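File shown here: data-v9.csv, holding CSV, C-alpha atoms.
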chain,number,residue,atom,x,y,z
A,1,MET,CA,263.2,194.7,152.7
A,2,GLY,CA,264.4,193.5,149.3
A,3,ARG,CA,268.0,192.5,148.7
A,4,GLY,CA,268.7,195.6,146.7
A,5,ALA,CA,267.8,197.9,149.6
A,6,LEU,CA,271.2,197.7,151.3
A,7,GLY,CA,273.9,200.2,150.5
A,8,PRO,CA,274.8,203.9,150.8
A,9,ASP,CA,271.4,205.1,149.7
A,10,ALA,CA,269.9,203.2,152.6
A,11,GLY,CA,272.2,204.9,155.1
A,12,ILE,CA,274.3,201.7,155.7
A,13,ALA,CA,278.0,201.9,155.8
A,14,PRO,CA,279.6,199.9,152.9
A,15,ASP,CA,281.4,197.5,155.1
A,16,VAL,CA,278.2,196.7,157.0
A,17,ALA,CA,276.3,196.2,153.7
A,18,VAL,CA,279.0,193.9,152.4
A,19,ALA,CA,279.1,191.9,155.7
A,20,LEU,CA,275.3,191.5,155.6
A,21,ALA,CA,275.4,190.4,152.0
A,22,VAL,CA,278.1,187.8,152.8
A,23,VAL,CA,276.0,186.4,155.7
A,24,GLY,CA,272.9,186.2,153.5
A,25,ALA,CA,274.5,184.6,150.5
A,26,ASP,CA,276.6,182.2,152.5
A,27,GLY,CA,273.5,181.1,154.4
A,28,ARG,CA,271.9,180.3,151.0
A,29,ARG,CA,275.0,178.3,150.0
A,30,GLN,CA,274.8,176.3,153.2
A,31,ALA,CA,271.1,175.7,152.7
A,32,GLY,CA,271.7,174.4,149.1
A,33,ALA,CA,270.1,177.3,147.2
A,34,PRO,CA,271.1,176.8,143.6
A,35,ASP,CA,271.6,180.5,142.8
A,36,HIS,CA,273.9,181.5,145.7
A,37,ALA,CA,277.1,181.9,143.6
A,38,PRO,CA,276.5,185.3,142.0
A,39,GLU,CA,275.6,186.9,145.3
A,40,LEU,CA,278.6,185.4,147.1
A,41,LEU,CA,281.0,186.4,144.3
A,42,ALA,CA,279.6,190.0,144.1
A,43,ALA,CA,279.9,190.4,147.8
A,44,ALA,CA,283.5,189.1,147.8
A,45,CYS,CA,284.5,191.4,145.0
A,46,GLN,CA,283.1,194.3,146.9
A,47,ALA,CA,285.0,193.3,150.0
A,48,LEU,CA,288.2,193.3,148.0
A,49,GLU,CA,287.8,197.1,147.6
A,50,LEU,CA,287.4,197.8,151.3
A,51,ASP,CA,290.1,198.4,153.8
A,52,ASP,CA,289.0,195.6,156.1
A,53,ASP,CA,291.3,192.6,156.1
A,54,HIS,CA,288.9,190.5,158.2
A,55,LEU,CA,285.9,191.2,156.1
A,56,ARG,CA,287.8,190.6,152.9
A,57,ARG,CA,289.1,187.2,154.1
A,58,ARG,CA,285.6,186.2,155.4
A,59,ALA,CA,283.9,187.1,152.1
A,60,VAL,CA,286.4,185.4,149.9
A,61,LEU,CA,286.5,182.3,151.9
A,62,ALA,CA,282.7,182.0,151.9
A,63,ALA,CA,282.8,182.3,148.1
A,64,LEU,CA,285.5,179.6,147.7
A,65,ARG,CA,283.9,176.9,149.9
A,66,LEU,CA,282.0,173.9,148.7
A,67,GLY,CA,279.3,175.2,146.4
A,68,ALA,CA,278.7,176.3,142.8
A,69,CYS,CA,282.0,178.1,142.7
A,70,CYS,CA,284.0,174.9,142.8
A,71,GLN,CA,282.5,173.1,139.8
A,72,PRO,CA,283.4,173.8,136.1
A,73,GLY,CA,281.8,176.8,134.6
A,74,ALA,CA,281.8,180.6,134.7
A,75,ASP,CA,281.4,180.9,138.4
A,76,GLN,CA,284.5,178.7,139.0
A,77,VAL,CA,286.6,180.9,136.6
A,78,GLN,CA,285.5,184.0,138.5
A,79,ALA,CA,286.2,182.3,141.8
A,80,VAL,CA,289.8,181.4,140.7
A,81,ALA,CA,290.4,185.0,139.8
A,82,LEU,CA,289.0,186.2,143.1
A,83,ALA,CA,291.2,183.8,145.0
A,84,ASP,CA,294.3,185.0,143.2
A,85,ARG,CA,293.5,188.6,144.0
A,86,ALA,CA,292.8,187.9,147.6
A,87,ILE,CA,296.0,185.9,148.1
A,88,ALA,CA,298.0,188.8,146.6
A,89,LEU,CA,296.5,191.2,149.1
A,90,GLU,CA,296.8,188.9,152.1
A,91,LEU,CA,299.8,189.6,154.4
A,92,ASP,CA,298.9,187.4,157.4
A,93,PRO,CA,300.4,183.9,157.0
A,94,ASP,CA,297.4,182.2,158.6
A,95,GLY,CA,295.1,184.1,156.3
A,96,ARG,CA,297.1,183.1,153.3
A,97,ALA,CA,297.0,179.5,154.4
A,98,LEU,CA,293.2,179.6,154.6
A,99,LEU,CA,292.9,181.2,151.2
A,100,HIS,CA,295.3,178.7,149.5
A,101,ALA,CA,293.4,175.8,151.1
A,102,SER,CA,290.1,177.0,149.9
A,103,ALA,CA,291.6,177.7,146.4
A,104,SER,CA,292.6,174.0,146.3
A,105,LEU,CA,289.0,173.0,146.4
A,106,THR,CA,288.0,175.6,143.7
A,107,HIS,CA,290.6,174.0,141.3
A,108,SER,CA,289.9,170.4,142.3
A,109,MET,CA,287.6,169.5,139.3
A,110,VAL,CA,289.4,171.4,136.6
A,111,ASP,CA,293.2,171.5,137.5
A,112,ALA,CA,294.6,168.7,139.6
A,113,ASP,CA,298.1,170.2,139.8
A,114,ALA,CA,296.9,173.7,140.9
A,115,SER,CA,294.6,172.0,143.5
A,116,ARG,CA,297.5,170.1,145.0
A,117,GLN,CA,299.9,173.1,144.8
A,118,HIS,CA,297.5,175.3,146.7
A,119,PHE,CA,297.0,172.8,149.4
A,120,GLU,CA,300.7,172.2,149.8
A,121,GLN,CA,301.3,176.0,150.1
A,122,ALA,CA,298.5,176.2,152.7
A,123,LEU,CA,300.0,173.4,154.7
A,124,ASP,CA,303.5,175.0,154.6
A,125,LEU,CA,302.1,178.4,155.7
A,126,ALA,CA,300.2,176.7,158.5
A,127,GLY,CA,303.5,175.2,159.8
A,128,GLY,CA,302.9,171.7,158.5
A,129,LEU,CA,301.4,169.1,160.7
A,130,GLY,CA,303.3,170.7,163.6
A,131,GLY,CA,301.3,174.0,163.2
A,132,THR,CA,298.8,175.4,165.6
A,133,ASP,CA,295.4,173.7,166.0
A,134,GLU,CA,293.5,176.9,165.3
A,135,THR,CA,294.8,177.1,161.7
A,136,LEU,CA,295.1,173.4,161.0
A,137,VAL,CA,291.4,172.7,161.7
A,138,GLU,CA,290.6,175.1,158.9
A,139,VAL,CA,293.3,173.9,156.4
A,140,LEU,CA,293.5,170.1,156.8
A,141,PRO,CA,290.0,169.2,155.7
A,142,TYR,CA,291.0,170.3,152.2
A,143,ALA,CA,293.4,167.3,152.0
A,144,TYR,CA,290.2,165.3,151.1
A,145,LEU,CA,290.5,166.0,147.4
A,146,SER,CA,294.0,167.5,147.2
A,147,LEU,CA,295.6,164.3,148.6
A,148,GLY,CA,293.3,161.9,146.9
A,149,ARG,CA,295.6,159.6,144.9
A,150,PRO,CA,296.4,156.1,146.2
A,151,GLY,CA,300.1,157.1,146.6
A,152,ASP,CA,299.0,159.9,148.9
A,153,LEU,CA,297.5,157.5,151.5
A,154,PRO,CA,300.3,157.6,154.1
A,155,LYS,CA,300.2,161.4,154.2
A,156,ARG,CA,296.4,161.5,154.0
A,157,ARG,CA,296.3,159.1,157.0
A,158,ALA,CA,298.7,161.4,159.0
A,159,VAL,CA,296.5,164.4,158.1
A,160,ALA,CA,293.4,162.7,159.2
A,161,GLN,CA,295.0,161.8,162.6
A,162,ARG,CA,296.4,165.3,163.1
A,163,LEU,CA,293.0,166.8,162.3
A,164,ALA,CA,291.2,164.5,164.7
A,165,ASP,CA,293.7,165.3,167.5
A,166,ALA,CA,293.2,169.1,166.9
A,167,ALA,CA,289.4,168.7,166.7
A,168,HIS,CA,289.3,166.8,170.0
A,169,ALA,CA,291.6,169.3,171.7
A,170,ARG,CA,289.3,172.1,170.7
A,171,SER,CA,286.0,170.2,171.1
A,172,ASP,CA,285.2,171.6,167.6
A,173,PRO,CA,282.2,169.7,166.1
A,174,ILE,CA,282.9,170.9,162.5
A,175,ALA,CA,286.6,169.8,162.7
A,176,LEU,CA,285.5,166.5,164.2
A,177,PHE,CA,283.1,165.9,161.4
A,178,GLU,CA,285.8,166.8,158.8
A,179,ALA,CA,288.3,164.5,160.6
A,180,GLY,CA,285.7,161.7,160.3
A,181,HIS,CA,285.2,162.4,156.6
A,182,LEU,CA,289.0,161.9,156.1
A,183,ARG,CA,289.1,158.9,158.4
A,184,PHE,CA,286.3,157.2,156.6
A,185,SER,CA,288.1,157.4,153.3
A,186,VAL,CA,291.4,156.2,154.7
A,187,ALA,CA,289.7,153.3,156.5
A,188,LEU,CA,287.9,152.2,153.4
A,189,GLN,CA,291.1,152.1,151.3
A,190,LEU,CA,292.9,150.1,154.0
A,191,GLY,CA,290.0,147.7,154.6
A,192,ASP,CA,289.6,148.8,158.2
A,193,ALA,CA,285.9,148.0,158.8
A,194,SER,CA,285.8,149.1,162.5
A,195,THR,CA,287.2,152.6,161.8
A,196,LEU,CA,285.1,152.9,158.7
A,197,HIS,CA,281.8,152.3,160.5
A,198,GLY,CA,282.9,154.2,163.6
A,199,ALA,CA,283.8,157.3,161.6
A,200,HIS,CA,280.4,157.3,159.8
A,201,ALA,CA,278.6,156.8,163.1
A,202,GLU,CA,280.5,159.7,164.7
A,203,MET,CA,279.7,161.9,161.7
A,204,GLU,CA,276.0,161.0,161.9
A,205,ALA,CA,276.0,161.9,165.6
A,206,LEU,CA,277.5,165.3,164.8
A,207,SER,CA,275.2,166.1,161.9
A,208,SER,CA,272.6,168.0,163.9
A,209,ARG,CA,275.4,170.4,165.0
A,210,VAL,CA,277.2,170.9,161.7
A,211,GLY,CA,274.5,170.2,159.2
A,212,ASP,CA,275.0,172.4,156.1
A,213,VAL,CA,274.0,170.7,152.8
A,214,GLY,CA,277.5,169.8,151.9
A,215,ARG,CA,277.9,167.7,155.1
A,216,ARG,CA,274.5,166.1,154.6
A,217,TRP,CA,275.7,165.1,151.1
A,218,ALA,CA,278.9,163.5,152.5
A,219,LEU,CA,276.8,161.4,154.9
A,220,ALA,CA,274.5,160.4,152.0
A,221,TYR,CA,277.2,159.2,149.7
A,222,GLN,CA,278.9,157.4,152.6
A,223,ARG,CA,275.6,155.5,153.3
A,224,THR,CA,275.5,154.5,149.6
A,225,THR,CA,279.0,153.1,149.9
A,226,LEU,CA,278.3,151.2,153.0
A,227,LEU,CA,275.3,149.5,151.4
A,228,GLN,CA,277.3,148.8,148.3
A,229,LEU,CA,280.0,147.1,150.4
A,230,ALA,CA,277.4,145.1,152.2
A,231,GLY,CA,276.1,143.8,148.9
A,232,GLU,CA,272.7,145.5,149.3
A,233,LEU,CA,272.7,146.8,145.8
A,234,ASP,CA,269.1,147.7,145.4
A,235,ALA,CA,269.2,149.7,148.6
A,236,ALA,CA,272.5,151.3,147.5
A,237,GLU,CA,270.8,152.4,144.3
A,238,VAL,CA,268.0,154.1,146.2
A,239,ALA,CA,270.6,155.7,148.5
A,240,ALA,CA,272.6,156.9,145.5
A,241,ARG,CA,269.5,158.7,144.2
A,242,GLU,CA,268.9,160.3,147.5
A,243,ALA,CA,272.5,161.4,147.7
A,244,PHE,CA,272.2,162.9,144.2
A,245,GLU,CA,269.1,164.9,145.3
A,246,VAL,CA,271.0,166.3,148.3
A,247,GLY,CA,274.2,166.9,146.3
A,248,THR,CA,272.5,169.0,143.6
A,249,GLY,CA,272.0,171.6,146.3
A,250,VAL,CA,275.7,171.6,146.8
A,251,ALA,CA,277.1,171.7,143.3
A,252,ALA,CA,275.1,170.1,140.5
A,253,ALA,CA,278.1,169.0,138.4
A,254,ARG,CA,279.8,167.4,141.4
A,255,ALA,CA,276.6,165.6,142.3
A,256,THR,CA,276.1,164.3,138.8
A,257,ALA,CA,279.7,163.1,138.6
A,258,ALA,CA,279.3,161.3,142.0
A,259,TRP,CA,276.0,159.7,141.0
A,260,THR,CA,277.5,158.6,137.6
A,261,ALA,CA,280.4,156.9,139.5
A,262,GLN,CA,278.1,155.2,142.0
A,263,MET,CA,275.7,153.9,139.3
A,264,LEU,CA,278.5,152.6,137.1
A,265,GLU,CA,279.8,150.5,139.9
A,266,ILE,CA,276.4,149.4,141.2
A,267,ARG,CA,275.3,148.3,137.7
A,268,ARG,CA,278.6,146.5,137.2
A,269,LEU,CA,278.1,144.5,140.3
A,270,GLN,CA,274.5,143.8,139.3
A,271,GLY,CA,275.6,142.7,135.8
A,272,ARG,CA,273.5,145.4,134.2
A,273,LEU,CA,276.0,147.7,132.6
A,274,ASP,CA,274.2,147.7,129.3
A,275,GLU,CA,271.4,149.7,130.9
A,276,LEU,CA,273.7,152.7,131.2
A,277,GLY,CA,274.0,153.4,127.4
A,278,PRO,CA,271.7,156.4,127.4
A,279,MET,CA,273.4,158.0,130.4
A,280,VAL,CA,276.8,157.5,128.7
A,281,GLU,CA,275.6,159.1,125.5
A,282,GLN,CA,274.4,162.2,127.5
A,283,LEU,CA,277.7,162.4,129.4
A,284,LEU,CA,279.8,162.2,126.2
A,285,THR,CA,278.3,165.5,125.1
A,286,ASP,CA,278.8,167.2,128.4
A,287,PRO,CA,281.2,170.2,128.1
A,288,ASN,CA,282.3,170.1,131.7
A,289,GLY,CA,284.5,167.1,131.6
A,290,LEU,CA,282.5,164.7,133.6
A,291,PRO,CA,284.0,161.2,133.7
A,292,ALA,CA,282.2,160.1,130.5
A,293,TRP,CA,285.3,158.2,129.3
A,294,ARG,CA,285.1,155.8,132.3
A,295,ALA,CA,281.5,154.9,131.7
A,296,ALA,CA,282.0,154.8,128.0
A,297,ALA,CA,284.9,152.4,128.2
A,298,LEU,CA,282.9,149.8,130.2
A,299,VAL,CA,279.5,150.2,128.6
A,300,MET,CA,280.9,150.0,125.1
A,301,VAL,CA,282.7,146.8,126.2
A,302,SER,CA,279.4,145.3,127.2
A,303,THR,CA,277.6,146.3,124.0
A,304,ASP,CA,280.0,146.7,121.1
A,305,ARG,CA,283.5,145.4,121.6
A,306,ARG,CA,284.8,146.3,118.2
A,307,ALA,CA,283.8,150.0,118.8
A,308,ALA,CA,285.3,149.8,122.3
A,309,ARG,CA,288.7,148.6,121.4
A,310,PRO,CA,290.1,151.8,119.8
A,311,VAL,CA,288.6,153.9,122.7
A,312,VAL,CA,290.4,151.7,125.2
A,313,ASP,CA,293.6,151.6,123.2
A,314,LYS,CA,293.7,155.4,123.0
A,315,LEU,CA,293.1,155.8,126.8
A,316,VAL,CA,295.9,153.3,127.7
A,317,GLU,CA,298.3,155.0,125.3
A,318,GLY,CA,297.5,158.3,127.0
A,319,LEU,CA,298.1,157.2,130.6
A,320,ALA,CA,300.8,159.7,131.1
A,321,THR,CA,298.4,162.5,130.4
A,322,PHE,CA,295.7,161.5,132.9
A,323,PRO,CA,295.0,164.1,135.6
A,324,ARG,CA,296.6,163.0,138.9
A,325,ASP,CA,293.6,164.0,140.9
A,326,PHE,CA,291.3,162.3,143.4
A,327,SER,CA,289.7,160.2,140.6
A,328,TYR,CA,293.0,158.8,139.2
A,329,GLY,CA,293.0,155.5,141.0
A,330,ALA,CA,289.4,154.7,140.1
A,331,ALA,CA,290.1,155.7,136.5
A,332,MET,CA,293.0,153.2,136.3
A,333,LEU,CA,290.9,150.5,137.9
A,334,THR,CA,288.0,151.0,135.5
A,335,LEU,CA,290.2,151.1,132.5
A,336,ALA,CA,292.0,147.9,133.6
A,337,ARG,CA,288.6,146.1,133.7
A,338,ALA,CA,287.9,147.2,130.2
A,339,VAL,CA,291.3,145.9,129.0
A,340,VAL,CA,290.6,142.6,130.7
A,341,ALA,CA,287.1,142.3,129.2
A,342,LEU,CA,288.6,143.0,125.7
A,343,GLU,CA,291.4,140.6,126.4
A,344,ALA,CA,293.7,143.3,125.1
A,345,ALA,CA,296.9,141.7,126.4
A,346,GLU,CA,299.3,144.2,124.8
A,347,GLN,CA,297.7,147.0,126.8
A,348,ALA,CA,297.8,145.1,130.1
A,349,PRO,CA,301.5,145.6,131.2
A,350,ALA,CA,301.2,149.4,131.5
A,351,LEU,CA,298.1,149.2,133.7
A,352,LEU,CA,299.5,146.3,135.7
A,353,ALA,CA,302.5,148.4,136.6
A,354,VAL,CA,300.2,151.1,137.9
A,355,LEU,CA,297.8,148.8,139.9
A,356,LEU,CA,300.0,146.1,141.3
A,357,PRO,CA,301.5,148.4,144.0
A,358,TRP,CA,298.0,149.2,145.2
A,359,ALA,CA,296.8,145.6,145.2
A,360,HIS,CA,296.3,145.7,149.0
A,361,LEU,CA,294.0,148.7,148.8
A,362,PHE,CA,290.3,149.4,148.0
A,363,SER,CA,289.7,152.3,145.7
A,364,TRP,CA,288.2,155.5,146.8
A,365,GLN,CA,287.1,158.1,144.2
A,366,GLY,CA,285.9,160.8,146.6
A,367,THR,CA,282.3,159.6,146.8
A,368,THR,CA,282.4,155.9,146.1
A,369,THR,CA,284.6,152.8,145.7
A,370,TYR,CA,285.1,150.8,142.6
A,371,GLY,CA,286.3,147.9,144.7
A,372,PRO,CA,289.8,146.4,145.3
A,373,TYR,CA,292.7,147.3,143.0
A,374,GLY,CA,294.1,143.8,143.4
A,375,GLU,CA,291.1,142.2,141.7
A,376,ALA,CA,291.9,143.9,138.4
A,377,ALA,CA,295.6,143.6,138.9
A,378,ALA,CA,295.3,139.8,139.2
A,379,ALA,CA,293.2,139.7,136.0
A,380,LEU,CA,295.7,141.8,134.1
A,381,ALA,CA,298.6,139.6,135.4
A,382,THR,CA,296.7,136.4,134.3
A,383,LEU,CA,296.1,137.9,130.9
A,384,VAL,CA,299.8,138.4,130.3
A,385,GLY,CA,300.9,135.1,131.9
A,386,ASP,CA,302.5,136.7,135.0
A,387,ASP,CA,301.5,134.0,137.5
A,388,ALA,CA,303.6,135.3,140.4
A,389,SER,CA,302.0,138.8,140.2
A,390,ALA,CA,298.6,137.2,139.8
A,391,VAL,CA,299.0,135.2,143.0
A,392,THR,CA,300.3,138.3,144.9
A,393,ALA,CA,297.4,140.4,143.8
A,394,GLN,CA,294.8,137.7,144.5
A,395,GLU,CA,296.2,137.2,148.0
A,396,ALA,CA,296.2,140.9,148.7
A,397,THR,CA,292.6,141.2,147.4
A,398,ARG,CA,291.4,138.4,149.6
A,399,ALA,CA,293.0,140.0,152.6
A,400,VAL,CA,291.6,143.5,152.2
A,401,THR,CA,288.2,142.2,151.2
A,402,SER,CA,288.0,139.9,154.2
A,403,SER,CA,289.1,142.7,156.5
A,404,LEU,CA,286.5,145.0,155.1
A,405,GLY,CA,283.8,142.4,155.3
A,406,SER,CA,282.6,142.9,151.7
A,407,ASP,CA,281.8,139.4,150.4
A,408,GLY,CA,280.2,140.9,147.3
A,409,TYR,CA,283.6,142.1,146.1
A,410,ALA,CA,285.2,138.8,147.1
A,411,VAL,CA,283.2,137.0,144.4
A,412,SER,CA,282.6,139.8,141.8
A,413,SER,CA,284.1,139.3,138.4
A,414,VAL,CA,286.3,141.8,136.6
A,415,GLU,CA,283.8,142.0,133.7
A,416,GLY,CA,280.8,142.5,136.1
Can I see the file as structure tokens?
Amino acid sequence: MGRGALGPDAGIAPDVAVALAVVGADGRRQAGAPDHAPELLAAACQALELDDDHLRRRAVLAALRLGACCQPGADQVQAVALADRAIALELDPDGRALLHASASLTHSMVDADASRQHFEQALDLAGGLGGTDETLVEVLPYAYLSLGRPGDLPKRRAVAQRLADAAHARSDPIALFEAGHLRFSVALQLGDASTLHGAHAEMEALSSRVGDVGRRWALAYQRTTLLQLAGELDAAEVAAREAFEVGTGVAAARATAAWTAQMLEIRRLQGRLDELGPMVEQLLTDPNGLPAWRAAALVMVSTDRRAARPVVDKLVEGLATFPRDFSYGAAMLTLARAVVALEAAEQAPALLAVLLPWAHLFSWQGTTTYGPYGEAAAALATLVGDDASAVTAQEATRAVTSSLGSDGYAVSSVEG
């Protein structure tokens, strides 16, 4: 039977037809089919017209989960409108919490403020961290991108622990996997090697029970990061390509952004940034706002410093306008390295003020690390003759790098 055979003419009730369409389209999303979005969105729009709260909620949530609807483009615009309509119709607080949480993901690549606001509304509706396990295991995983800035780390850590407690209490493998996902990112930032590797191992053990393509992608980019931290850069490059291939089945724009970030850092550590010129040129013309400016700042520094300087100056002068999203910390770190490489001392104080409070942390950009914030903070402080801050940042860097067991970062230079 073809997909167009379902419906009133086939003698199937509208709610049954929509439910079957949702199941089929969501199965394609979880399997990584690249054309799942139109079917999911169409089914969700149909569900909005039916007098069935459960089906409407199920259909809309399926459309808003990790997939093509949460990356820049026409599908994302339609998904945002869909979420707004569904939230307006939803009367149940738990249902509204789930919809707001999912909407936070849909906004995460295009509107950092909206993403954060939706998550905070979801958490409030769920009763905060004191809410019921049943709702929190659905809401808290969305903190992964919504609470992604370095300053969010204490709250992110509390969310990860609350999610883990709820997941264990319910023996819920999906929630346990999502708790591990959050714990991995927190442990990396804090330099907690034992928790970092333990979380990844637990997620690997759960993968056969929760294995949609999005979770396979998470494991793949974690493996890349672990190899990068261990200094196995050739193996990390292979793993990054494998992660990209998995991630394209999740959301092509997200997978490309992740791979770009990973290759930028791997090439920096290899001292081969100049090889990224063609990739940067392609990214600079991309209409979807991929992080071209980060790659451009560093690659231009390594190939044409005179051309790089006005680019870097403009970025530093626009610090207040940078999106405060999950990539903010990595953006500041990368830009700081460009400032140091250019010896642009007049631009250093603004970035030093941002990075110095994070000197004890490793960066985490959602799919990769750009290393310790303290390394760049120390270089900025040295550039402006602030010896006390340089020593503070150097000591913090040594401590977190040693704790994480990443000798490659202990000796890597700011310029790469």
Exercise. Mind pulling up the distance from CA of Ala160 (chain A) to CA of Arg28 (chain A)?
Worked result: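 Value for the CA of Arg28 (chain A)-CA of Ala160 (chain A) distance: 29.0 Å.
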For this session: Considering all atoms listed in the file, return as a list in words whatever protein or nucleic-acid residues lie within 7 Å of region 259-268 of chain A, sequence-local ones (same chain, fewer than 3 positions apart) excluded.
Result: Leu233, Ala240, Phe244, Ala255, Thr256, Gly271, Arg272, Leu273, Ala295, Thr368, Tyr370 and Gly416 of chain A
Problem set entry | Spatial neighbours of Asp52 (chain A), max dist 10 Å, only C-alpha atoms, sep filter under 5 positions, as a PyMOL selection string | chain A and resi 15+47+57
Seminar exercise, completed: Separating CA of Thr321 (chain A) from CA of Thr397 (chain A), to the nearest tenth of an Å, is a gap of 27.9 Å
For this session: Could you check how far CA of His118 (chain A) sits from CA of Leu105 (chain A), in Å to one decimal?
Result: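 If I compute the distance from CA of His118 (chain A) to CA of Leu105 (chain A), I get 8.8 Å.
Near Ala230 (chain A), within a cut-off of 10 Å and counting all atoms listed in the file, sit the residues Thr224, Thr225, Ala236, Leu404, Gly405, Ser406, Asp407, Gly408 and Tyr409 of chain A, with same-chain residues fewer than 5 positions away left out.
With only C-alpha atoms as the atoms that count, the residue of A:Ala179, A:Ala251, A:Leu196, A:Ala19 with the shortest distance to Gly73 (chain A) is A:Ala251.
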Exercise. Which polymer residues have any atom within 12 Å of an atom of region 350-355 of chain A, counting only C-alpha atoms, with same-chain residues fewer than 4 positions away left out, as a ChimeraX atom specification?
Worked result: /A:149-151,312-313,315-320,328-340,344-346,359-363,372-386,389-390,392-393,396-397
Write to file, as an mmCIF file, in the frame of the given file, the residues of the selection just made, with C-alpha atoms.
data_model
loop_
_atom_site.group_PDB
_atom_site.id
_atom_site.type_symbol
_atom_site.label_atom_id
_atom_site.label_comp_id
_atom_site.auth_asym_id
_atom_site.auth_seq_id
_atom_site.Cartn_x
_atom_site.Cartn_y
_atom_site.Cartn_z
ATOM 1 C CA ARG A 149 295.600 159.600 144.900
ATOM 2 C CA PRO A 150 296.400 156.100 146.200
ATOM 3 C CA GLY A 151 300.100 157.100 146.600
ATOM 4 C CA VAL A 312 290.400 151.700 125.200
ATOM 5 C CA ASP A 313 293.600 151.600 123.200
ATOM 6 C CA LEU A 315 293.100 155.800 126.800
ATOM 7 C CA VAL A 316 295.900 153.300 127.700
ATOM 8 C CA GLU A 317 298.300 155.000 125.300
ATOM 9 C CA GLY A 318 297.500 158.300 127.000
ATOM 10 C CA LEU A 319 298.100 157.200 130.600
ATOM 11 C CA ALA A 320 300.800 159.700 131.100
ATOM 12 C CA TYR A 328 293.000 158.800 139.200
ATOM 13 C CA GLY A 329 293.000 155.500 141.000
ATOM 14 C CA ALA A 330 289.400 154.700 140.100
ATOM 15 C CA ALA A 331 290.100 155.700 136.500
ATOM 16 C CA MET A 332 293.000 153.200 136.300
ATOM 17 C CA LEU A 333 290.900 150.500 137.900
ATOM 18 C CA THR A 334 288.000 151.000 135.500
ATOM 19 C CA LEU A 335 290.200 151.100 132.500
ATOM 20 C CA ALA A 336 292.000 147.900 133.600
ATOM 21 C CA ARG A 337 288.600 146.100 133.700
ATOM 22 C CA ALA A 338 287.900 147.200 130.200
ATOM 23 C CA VAL A 339 291.300 145.900 129.000
ATOM 24 C CA VAL A 340 290.600 142.600 130.700
ATOM 25 C CA ALA A 344 293.700 143.300 125.100
ATOM 26 C CA ALA A 345 296.900 141.700 126.400
ATOM 27 C CA GLU A 346 299.300 144.200 124.800
ATOM 28 C CA ALA A 359 296.800 145.600 145.200
ATOM 29 C CA HIS A 360 296.300 145.700 149.000
ATOM 30 C CA LEU A 361 294.000 148.700 148.800
ATOM 31 C CA PHE A 362 290.300 149.400 148.000
ATOM 32 C CA SER A 363 289.700 152.300 145.700
ATOM 33 C CA PRO A 372 289.800 146.400 145.300
ATOM 34 C CA TYR A 373 292.700 147.300 143.000
ATOM 35 C CA GLY A 374 294.100 143.800 143.400
ATOM 36 C CA GLU A 375 291.100 142.200 141.700
ATOM 37 C CA ALA A 376 291.900 143.900 138.400
ATOM 38 C CA ALA A 377 295.600 143.600 138.900
ATOM 39 C CA ALA A 378 295.300 139.800 139.200
ATOM 40 C CA ALA A 379 293.200 139.700 136.000
ATOM 41 C CA LEU A 380 295.700 141.800 134.100
ATOM 42 C CA ALA A 381 298.600 139.600 135.400
ATOM 43 C CA THR A 382 296.700 136.400 134.300
ATOM 44 C CA LEU A 383 296.100 137.900 130.900
ATOM 45 C CA VAL A 384 299.800 138.400 130.300
ATOM 46 C CA GLY A 385 300.900 135.100 131.900
ATOM 47 C CA ASP A 386 302.500 136.700 135.000
ATOM 48 C CA SER A 389 302.000 138.800 140.200
ATOM 49 C CA ALA A 390 298.600 137.200 139.800
ATOM 50 C CA THR A 392 300.300 138.300 144.900
ATOM 51 C CA ALA A 393 297.400 140.400 143.800
ATOM 52 C CA ALA A 396 296.200 140.900 148.700
ATOM 53 C CA THR A 397 292.600 141.200 147.400
#
For this session: Tell me which protein, DNA and RNA residues are within 12 Å of Ala88 (chain A), counting all atoms listed in the file, leaving out same-chain ones fewer than 4 positions away, and put them as number ranges by chain.
Result: A: 48, 57, 81-84, 92-93, 95-96, 99-100
Would you export the selected residues with C-alpha atoms as a PDB file, in the coordinates of the input, please?
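part_2.pdb written:
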ATOM      1  CA  LEU A  48     288.200 193.300 148.000  1.00  0.00           C
ATOM      2  CA  ARG A  57     289.100 187.200 154.100  1.00  0.00           C
ATOM      3  CA  ALA A  81     290.400 185.000 139.800  1.00  0.00           C
ATOM      4  CA  LEU A  82     289.000 186.200 143.100  1.00  0.00           C
ATOM      5  CA  ALA A  83     291.200 183.800 145.000  1.00  0.00           C
ATOM      6  CA  ASP A  84     294.300 185.000 143.200  1.00  0.00           C
ATOM      7  CA  ASP A  92     298.900 187.400 157.400  1.00  0.00           C
ATOM      8  CA  PRO A  93     300.400 183.900 157.000  1.00  0.00           C
ATOM      9  CA  GLY A  95     295.100 184.100 156.300  1.00  0.00           C
ATOM     10  CA  ARG A  96     297.100 183.100 153.300  1.00  0.00           C
ATOM     11  CA  LEU A  99     292.900 181.200 151.200  1.00  0.00           C
ATOM     12  CA  HIS A 100     295.300 178.700 149.500  1.00  0.00           C
TER      13      HIS A 100
END
Exercise. Which residue out of A:Ser302, A:Thr248, A:Thr132, A:Gln222 has the minimum interatomic distance to Gly67 (chain A) when all atoms listed in the file are used?
Worked result: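 When distances to Gly67 (chain A) are compared using all atoms listed in the file, the smallest one comes from A:Thr248.
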For this session: Please write as a VMD selection string the list of polymer residues whose atoms come within 7 Å of (296.3, 172.2, 149.3), counting only C-alpha atoms and keeping to the coordinates of the file.
Result: chain A and resid 100 to 101 104 115 to 123 142 to 143 146
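Using all atoms listed in the file, the nearest neighbour of Cys70 (chain A) within the list A:Val110, A:Leu163, A:Leu89, A:Leu188 is A:Val110.
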